[in-house]
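Written below as structure tokens is the structure these notes are about.
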Amino acid sequence: MDLITIASWISMSIRLSIPILFAALGGLILFKTGVFNLGLEAMMLTGAFLGFYGVLITGSPWVGLLLAIIGGAILGLLLAYVTVSLGGNQLVIGLGMNFFALGLTGFFYRMLCSTGLLTDTTKTANFSSIHIPFFSKLPILGEIFFDHNFLTYLAILLVIFVSWFFYKTTYGLSLRSVGESPETADTAGINVYLIRYIAAIVSGILAATGGAFLTLTQVTRFSENITDGRGWIALAVIIFGKYKPWGTLWASLIFGAGFALVLQLQVMGVKIPIQIVQMLPYILTIAALIGVVGKVRGPSALGKHYVKN
Amino acid sequence: MAHEIILSLKEITKTFPGVVANDHINLEIHKREIHSLLGENGAGKTTLMNILYGLYSPNSGEIVFNGKNVKINSPRDAISLGIGMIHQRFMLVPRFSVFENIILGQASEKPPLLEKKKLYKKIAKVAKKFNIKLDLDIPVENLSVGIQQKVEILKTLYQGADFLILDEPTSVLTPQEGQNLFKDLLALKEQGCTIIFISHKLKEVMQISDRITVLRDGRVIGTKEKFETNPQELSRLMVGREVSFTIKKKDCNPGKEVLSIQDVFMQNRKGLKILKNICLNIRAGEILGIAGVDGNGQKELADAICGLQKINSGNVKILDEEITESNPRKLYEQGLSYIPGDRKKYGLIPNFNIAENIVIKDYYLPPFTRGLFLNSAYIDNYSKKVIATYDIKTPSHLVQIKKLSGGNQQKVVLGRELSKYPKLLIIMQPTQGLDVGACEFVYNKLLEARDKGVAILLFSTDLDETMNLSDRIAVIYEGEIMGEVDPRSTDVGEIGLMMAGSKRKKANAIERG
């Protein structure tokens with residue numbers, strides 16, 4: 001492989017890791033409060049569809065992003081209501097949401113297909129790359145780091161922000177305490193339910209943004225199950241990243257690199273059966289879950305319903 | 001001398017479905033006193049204090065604090081009044097540092113920023129005032145229980161509390177740690193704090209209190225100045241009848257060796273040594289008590305003997321038969337009974353009924369089974385007999401275990417294990433969470449079994465209990481036996497020192513026989 005190929009591979013890795021990173025950060029925020037978010041896939045898929053739909057009806061990717069955010073927030077709210085208020089099983093609701101979103105987005109997409117809206121090729125606006133002056137002209141580095149769309153930069157900034165928020169603010173301390181020991185948080189005067197609700201909504205918004213990234217950057221298109229398990233990979237990323245924001249970033253990049261490698265190998269016509277190559281990211285996922293990264297301690301109260309006296 | 005009244009509770013009533021936890025309680029607390037709330041489990045002490053701390057809201061009644069009628073709807077309200085509570089189960093986040101635990105839920109001066117330096121200084125100031133020394137950077141989970149309690153106290157003081165409620169604070173401490181706590185409490189009183197001390201231990205209450213209020217069945221039975229009362233009177237008020245303090249015990253008449261443990265080592269998954277070089281033996285008809293602070297290897301030792309955990313080296317013999325590689329069922333059939341400390345988790349299946357729990361270790365054997373089927377007629381009869389013999393209070397043998405009181409649950413376990421006439425009984429925390437009546441019953445049954453020739457290995461963190469029941473006491477500390485003592489010729493202080501790890505020479509250990 002020459003330098004140019006490597007540069008484009010790294011650039012592609014970053015691009016492919018961003019949707020996962022959004023979802024993983026969203027998942028992480030809710031995990032840290034002690035609630036599983038197995039509905040990341042649903043939130044991404046919803047975000048992807050609504051983003052696409054927004055562009056389709058208005059021609060503006062911003063409207064698409066807004067719709068995605070609203071959709072994600074609603075799903076987050078639903079998740080919080082079922083798990084936090086009703087004490088429903090956190091795994092079952094997540095799984096249920098995924099099947100629900102898969103069916104619903106597929107159904108609406110087919111309805112759209114039958115309306116003929118899709119053939120209108122004029123409305124395919126999306127978030128294009130921001131060529132950062134000077135830096136994007138740098139050889140190799142320019143392509144790798146300074147030639148991405150604004151959502152990519154936003155995701156990186158979010159990692160910094162979330163890390164700062166978790167560990168340098170009192171709110172972050174409160175949020176983490178809710179996931180470690182809700183009883184303690186409660187007696188310290190922290191509103192456990194409120195924090196979990198807010199975290200769930202933010203979680204939904206971020207995951208939906210990750211989904212919207214798939215339909216609002218590069219090409220504006222949707223297809224059934226476009227997320228293709230990225231929400232699940234985001235879960236592996238959270239564990240791989242040891243429940244830490246920066247860890248989430250590195251883990252996302254590793255998975256992104258895996259996906260990019262798949263594409264790169266196909267382009268280069270390497271003679272390995274494509275199915276084997278495509279397994280790569282998922283083998284990584286299994287490795288993460290088996291514990292290649294060592295013993296990872298999640299938040300102590302993860303998955304436990306908290307009942308206030 | 002006129003006392004300033006800082007708090008008065010008036011006609012506080014709190015009911016839970018089916019129970020009146022607090023029944024028209026009136027209570028007055030003087031400023032700068034240590035006031036004990038004494039009562040058995042379920043007397044309503046903790047409920048009352050949870051009301052004062054805003055965790056429960058009372059059905060009726062009022063709270064007057066510093067001369068003002070107050071409504072306390074949440075811990076936050078309580079804290080803003082200067083009321084702090086140290087719960088029996090510490091309210092600390094184990095993985096957080098001492099610093100993080102102290103400032104949790106507290107506003108910083110420049111929100112949302114967590115200004116570490118400034119807050120450190122603020123904490124240090126409070127710590128200095130009350131003479132509490134703590135390293136703020138250590139995760140709480142790495143601290144001993146006694147130190148964790150200090151963190152709790154410092155946290156409460158930092159929040160500005162000068163009215164402290166301590167719920168059974170000594171139950172988790174060694175005797176020495178308990179004495180240190182008392183010193184701290186007296187110092188806090190000197191600094192102007194008012195303290196409510198919840199306990200069911202007469203000795204402590206007599207030591208630390210200025211005044212004592214006794215609760216029973218959710219009612220105030222009386223408030224006494226410490227100097228006007230004595231343990232005898234307090235226990236009568238607490239239980240409602242005369243209680244004998246000493247357990248009547250026949251002389252120990254040990255027979256042949258039943259259990260012999262030689263050089264047992266055990267490591268956990270992380271490679272930490274949990275048990276080191278354990279050597280113990282018990283003969284028929286004697287009770288060997290293992291004293292020690294919870295978590296020093298007691299559970300692992302019991303599990304090792306019962307075949308629930310593998311040991312790394314050493315051997316365990318029951319009646320000269322090597323059992324190191326055995327399994328729990330085989331051991332049970334050989335005459336080993338095990339009554340675990342956490343009975344609801346390891347001793348019983350809460351959703352099963354009494355009869356099912358009684359036969360859970362024998363159901364596969366005739367006469368409990370006939371071929372492939374359970375012999376329900378026999379099981380019914382058998383469990384009814386156990387219920388009668390062990391005085392289990394229940395309307396029927398088909399009642400779910402979880403619907404019984406702790407005392408009755410323990411009687412079910414005791415009945416199941418002792419009805420099989422074991423040769424060796426291993427029992428952990430026999431009376432944890434039991435009221436005085438049930439305790440007496442358990443003690444009598446254990447002594448009865450001992451007199452019949454059962455070898456009993458008793459693990460208890462209640463030192464008085466261990467002293468009263470045991471014929472010999474071995475002290476365990478960090479997985480090591482510190483030595484053996486004779487309870488008749490040793491005082492609590494000495495055992496306490498051993499429990500805290502000051503080793504006693506093996507040569508001093510008594511040899512009897």
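Ordering of the structure tokens sets the chain letters (A, B, ...), residue numbers begin anew at 1 in every chain, and ligands are numbered from 1 in the order given.
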Return the neighbours of chain A among the residues of chain B, cut-off 12 Å, counting only C-alpha atoms, as number ranges by chain. B: 16, 47, 50-51, 53-57, 73-80, 84-87, 89-97, 99-116, 119, 152, 155-156, 159, 269-270
Leaving out B:Pro328 and any residue of its chain fewer than 4 positions from it, which residues lie within 8 Å of it when counting only C-alpha atoms, given as a list in words?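 Within the cut-off, the hits are Cys306, Gly307, Leu308 and Tyr332 of chain B.
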What's the 8 Å shell around B:Glu478, counting only C-alpha atoms, without same-chain residues fewer than 4 positions away, as a VMD selection string? chain B and resid 274 to 275 296 to 297 501
Between atom CA of A:Lys32 and atom CA of A:Lys304, what is the distance, to one decimal in Å?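 Rounded to one decimal, the two atoms are 12.3 Å apart.
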The distance between atom CA of A:Asn98 and atom CA of A:Glu41 is 6.0 Å
For A:Ile29, find every residue with an atom within 8 Å (counting only C-alpha atoms), except residues of its own chain fewer than 5 positions away, and show them as a PyMOL selection string. chain A and resi 199-200+202-203
Print the selection's residues with C-alpha atoms to a file, as a short mmCIF file (atom, residue, chain, number, x, y, z; two decimals), in the first residue's frame.
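Result file follows (again31.cif):
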```cif
data_model
loop_
_atom_site.label_atom_id
_atom_site.label_comp_id
_atom_site.auth_asym_id
_atom_site.auth_seq_id
_atom_site.Cartn_x
_atom_site.Cartn_y
_atom_site.Cartn_z
CA ALA A 199 -29.52 11.29 30.09
CA ALA A 200 -31.95 9.10 28.14
CA VAL A 202 -29.57 13.18 25.33
CA SER A 203 -28.71 9.58 24.55
#
```
Report as an mmCIF file with C-alpha atoms, in the first residue's frame: the residues of stretch 74-239 of chain B with a DSSP assignment of alpha helix (DSSP H), based on the backbone of this structure.
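Final output, selection.cif:
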```cif
data_model
loop_
_atom_site.group_PDB
_atom_site.id
_atom_site.type_symbol
_atom_site.label_atom_id
_atom_site.label_comp_id
_atom_site.auth_asym_id
_atom_site.auth_seq_id
_atom_site.Cartn_x
_atom_site.Cartn_y
_atom_site.Cartn_z
ATOM 1 C CA PRO B 75 -32.845 14.754 52.847
ATOM 2 C CA ARG B 76 -32.038 18.072 51.265
ATOM 3 C CA ASP B 77 -34.505 19.807 53.602
ATOM 4 C CA ALA B 78 -32.979 17.979 56.549
ATOM 5 C CA ILE B 79 -29.454 18.953 55.579
ATOM 6 C CA SER B 80 -30.418 22.594 55.175
ATOM 7 C CA LEU B 81 -31.736 22.491 58.750
ATOM 8 C CA VAL B 98 -13.162 10.310 49.688
ATOM 9 C CA PHE B 99 -13.161 13.790 48.176
ATOM 10 C CA GLU B 100 -15.806 12.961 45.585
ATOM 11 C CA ASN B 101 -17.977 11.330 48.206
ATOM 12 C CA ILE B 102 -17.818 14.333 50.478
ATOM 13 C CA ILE B 103 -18.763 16.893 47.843
ATOM 14 C CA LYS B 116 -10.854 20.739 43.423
ATOM 15 C CA LYS B 117 -8.325 22.988 45.131
ATOM 16 C CA LYS B 118 -10.822 25.268 46.827
ATOM 17 C CA LEU B 119 -13.035 22.409 47.922
ATOM 18 C CA TYR B 120 -10.041 20.499 49.291
ATOM 19 C CA LYS B 121 -9.214 23.468 51.476
ATOM 20 C CA LYS B 122 -12.783 23.759 52.655
ATOM 21 C CA ILE B 123 -12.905 20.089 53.601
ATOM 22 C CA ALA B 124 -9.556 20.312 55.346
ATOM 23 C CA LYS B 125 -10.876 23.166 57.464
ATOM 24 C CA VAL B 126 -13.878 21.150 58.637
ATOM 25 C CA ALA B 127 -11.699 18.095 59.223
ATOM 26 C CA LYS B 128 -9.329 20.132 61.335
ATOM 27 C CA LYS B 129 -12.084 21.638 63.426
ATOM 28 C CA VAL B 145 -15.227 0.036 57.500
ATOM 29 C CA GLY B 146 -14.187 2.111 60.489
ATOM 30 C CA ILE B 147 -12.551 4.692 58.234
ATOM 31 C CA GLN B 148 -15.501 4.657 55.860
ATOM 32 C CA GLN B 149 -17.642 5.609 58.800
ATOM 33 C CA LYS B 150 -15.331 8.555 59.428
ATOM 34 C CA VAL B 151 -15.832 9.592 55.822
ATOM 35 C CA GLU B 152 -19.564 9.503 56.418
ATOM 36 C CA ILE B 153 -19.243 11.646 59.508
ATOM 37 C CA LEU B 154 -16.950 14.143 57.813
ATOM 38 C CA LYS B 155 -19.310 14.303 54.856
ATOM 39 C CA THR B 156 -22.203 15.091 57.138
ATOM 40 C CA LEU B 157 -20.240 17.746 59.026
ATOM 41 C CA TYR B 158 -19.056 19.279 55.763
ATOM 42 C CA PRO B 175 -14.714 -3.222 69.631
ATOM 43 C CA GLN B 176 -11.676 -0.946 69.290
ATOM 44 C CA GLU B 177 -13.134 0.886 66.320
ATOM 45 C CA GLY B 178 -16.294 1.250 68.369
ATOM 46 C CA GLN B 179 -14.363 2.870 71.191
ATOM 47 C CA ASN B 180 -12.682 5.217 68.718
ATOM 48 C CA LEU B 181 -16.069 6.163 67.382
ATOM 49 C CA PHE B 182 -17.251 6.951 70.887
ATOM 50 C CA LYS B 183 -14.240 9.200 71.406
ATOM 51 C CA ASP B 184 -15.068 10.990 68.166
ATOM 52 C CA LEU B 185 -18.683 11.380 69.191
ATOM 53 C CA LEU B 186 -17.755 12.903 72.539
ATOM 54 C CA ALA B 187 -15.426 15.296 70.727
ATOM 55 C CA LEU B 188 -18.250 16.263 68.382
ATOM 56 C CA LYS B 189 -20.467 16.931 71.362
ATOM 57 C CA GLU B 190 -17.762 19.185 72.788
ATOM 58 C CA LEU B 202 -27.421 -1.959 76.094
ATOM 59 C CA LYS B 203 -23.752 -1.789 76.922
ATOM 60 C CA GLU B 204 -23.016 0.836 74.310
ATOM 61 C CA VAL B 205 -26.047 2.861 75.139
ATOM 62 C CA MET B 206 -25.084 2.927 78.803
ATOM 63 C CA GLN B 207 -21.589 4.014 77.872
ATOM 64 C CA ILE B 208 -22.206 6.832 75.453
ATOM 65 C CA PRO B 231 -29.152 -2.269 81.871
ATOM 66 C CA GLN B 232 -31.616 -4.508 83.692
ATOM 67 C CA GLU B 233 -34.324 -1.870 83.611
ATOM 68 C CA LEU B 234 -33.603 -0.879 80.020
ATOM 69 C CA SER B 235 -33.809 -4.430 78.747
ATOM 70 C CA ARG B 236 -37.096 -4.931 80.541
ATOM 71 C CA LEU B 237 -38.460 -1.792 78.901
ATOM 72 C CA MET B 238 -37.074 -2.862 75.546
ATOM 73 C CA VAL B 239 -38.421 -6.403 75.481
#
```
Using only C-alpha atoms, determine which residues lie at most 10 Å from A:Leu30, disregarding the query and same-chain residues fewer than 2 positions distant; provide the list as a PyMOL selection string. chain A and resi 24-28+32-37+76+80+175-176+179+195-204+302
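Using only C-alpha atoms for every distance, the candidate list A:Tyr306, A:Gln264, A:Gln278, A:Ile205 yields A:Gln264 as the residue closest to A:Thr5.
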Pick out the residues sitting within 10 Å of B:Pro367, and hand them over as a JSON list (two decimals) with N, CA and C atoms, in the first residue's frame; count only C-alpha atoms, and ignore anything fewer than 5 positions along from it in its own chain.
```json
[["chain", "number", "residue", "atom", "x", "y", "z"],
["B", 362, "ASP", "N", -33.22, -32.83, 50.87],
["B", 362, "ASP", "CA", -33.48, -34.27, 50.98],
["B", 362, "ASP", "C", -34.52, -34.78, 49.99],
["B", 374, "LEU", "N", -42.52, -36.96, 44.10],
["B", 374, "LEU", "CA", -42.39, -36.51, 45.48],
["B", 374, "LEU", "C", -43.49, -37.16, 46.31],
["B", 375, "ASN", "N", -43.14, -37.54, 47.51],
["B", 375, "ASN", "CA", -44.11, -38.13, 48.41],
["B", 375, "ASN", "C", -44.72, -37.01, 49.23],
["B", 376, "SER", "N", -45.75, -36.36, 48.67],
["B", 376, "SER", "CA", -46.20, -35.12, 49.31],
["B", 376, "SER", "C", -46.84, -35.38, 50.68],
["B", 378, "TYR", "N", -45.86, -37.50, 52.90],
["B", 378, "TYR", "CA", -44.77, -37.59, 53.87],
["B", 378, "TYR", "C", -44.15, -36.21, 54.10],
["B", 379, "ILE", "N", -43.95, -35.48, 53.01],
["B", 379, "ILE", "CA", -43.34, -34.15, 53.11],
["B", 379, "ILE", "C", -44.22, -33.24, 53.98]]
```
What is the distance, in Å and to one decimal place, between atom CA of B:Lys385 and atom CA of B:Ala449?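 Between these atoms lies a distance of 17.6 Å.
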Which polymer residues have any atom within 10 Å of an atom of A:Gly229, counting only C-alpha atoms, with same-chain residues fewer than 6 positions away left out, as a list of chain:residue names? A:Ile20, A:Leu40, A:Glu41, A:Ala42, A:Met44, A:Leu45, A:Tyr282
The selected residues should be written to file as a compact mmCIF listing (two decimals), in the first residue's frame (atoms: N, CA and C atoms).
```
# COMPACT_ATOMS: atom_id res chain seq x y z
N ILE A 20 -20.83 5.69 14.65
CA ILE A 20 -20.71 4.81 15.81
C ILE A 20 -20.35 5.62 17.05
N LEU A 40 -30.09 1.68 20.99
CA LEU A 40 -29.25 2.57 20.16
C LEU A 40 -29.50 2.36 18.67
N GLU A 41 -29.66 1.10 18.29
CA GLU A 41 -29.90 0.78 16.88
C GLU A 41 -31.19 1.45 16.41
N ALA A 42 -32.22 1.35 17.25
CA ALA A 42 -33.50 1.97 16.89
C ALA A 42 -33.36 3.47 16.75
N MET A 44 -30.65 5.19 16.08
CA MET A 44 -29.88 5.52 14.88
C MET A 44 -30.73 5.41 13.63
N LEU A 45 -31.47 4.32 13.55
CA LEU A 45 -32.27 4.06 12.36
C LEU A 45 -33.33 5.14 12.19
N TYR A 282 -17.20 -7.52 13.25
CA TYR A 282 -18.01 -8.27 14.21
C TYR A 282 -17.15 -9.19 15.06
```
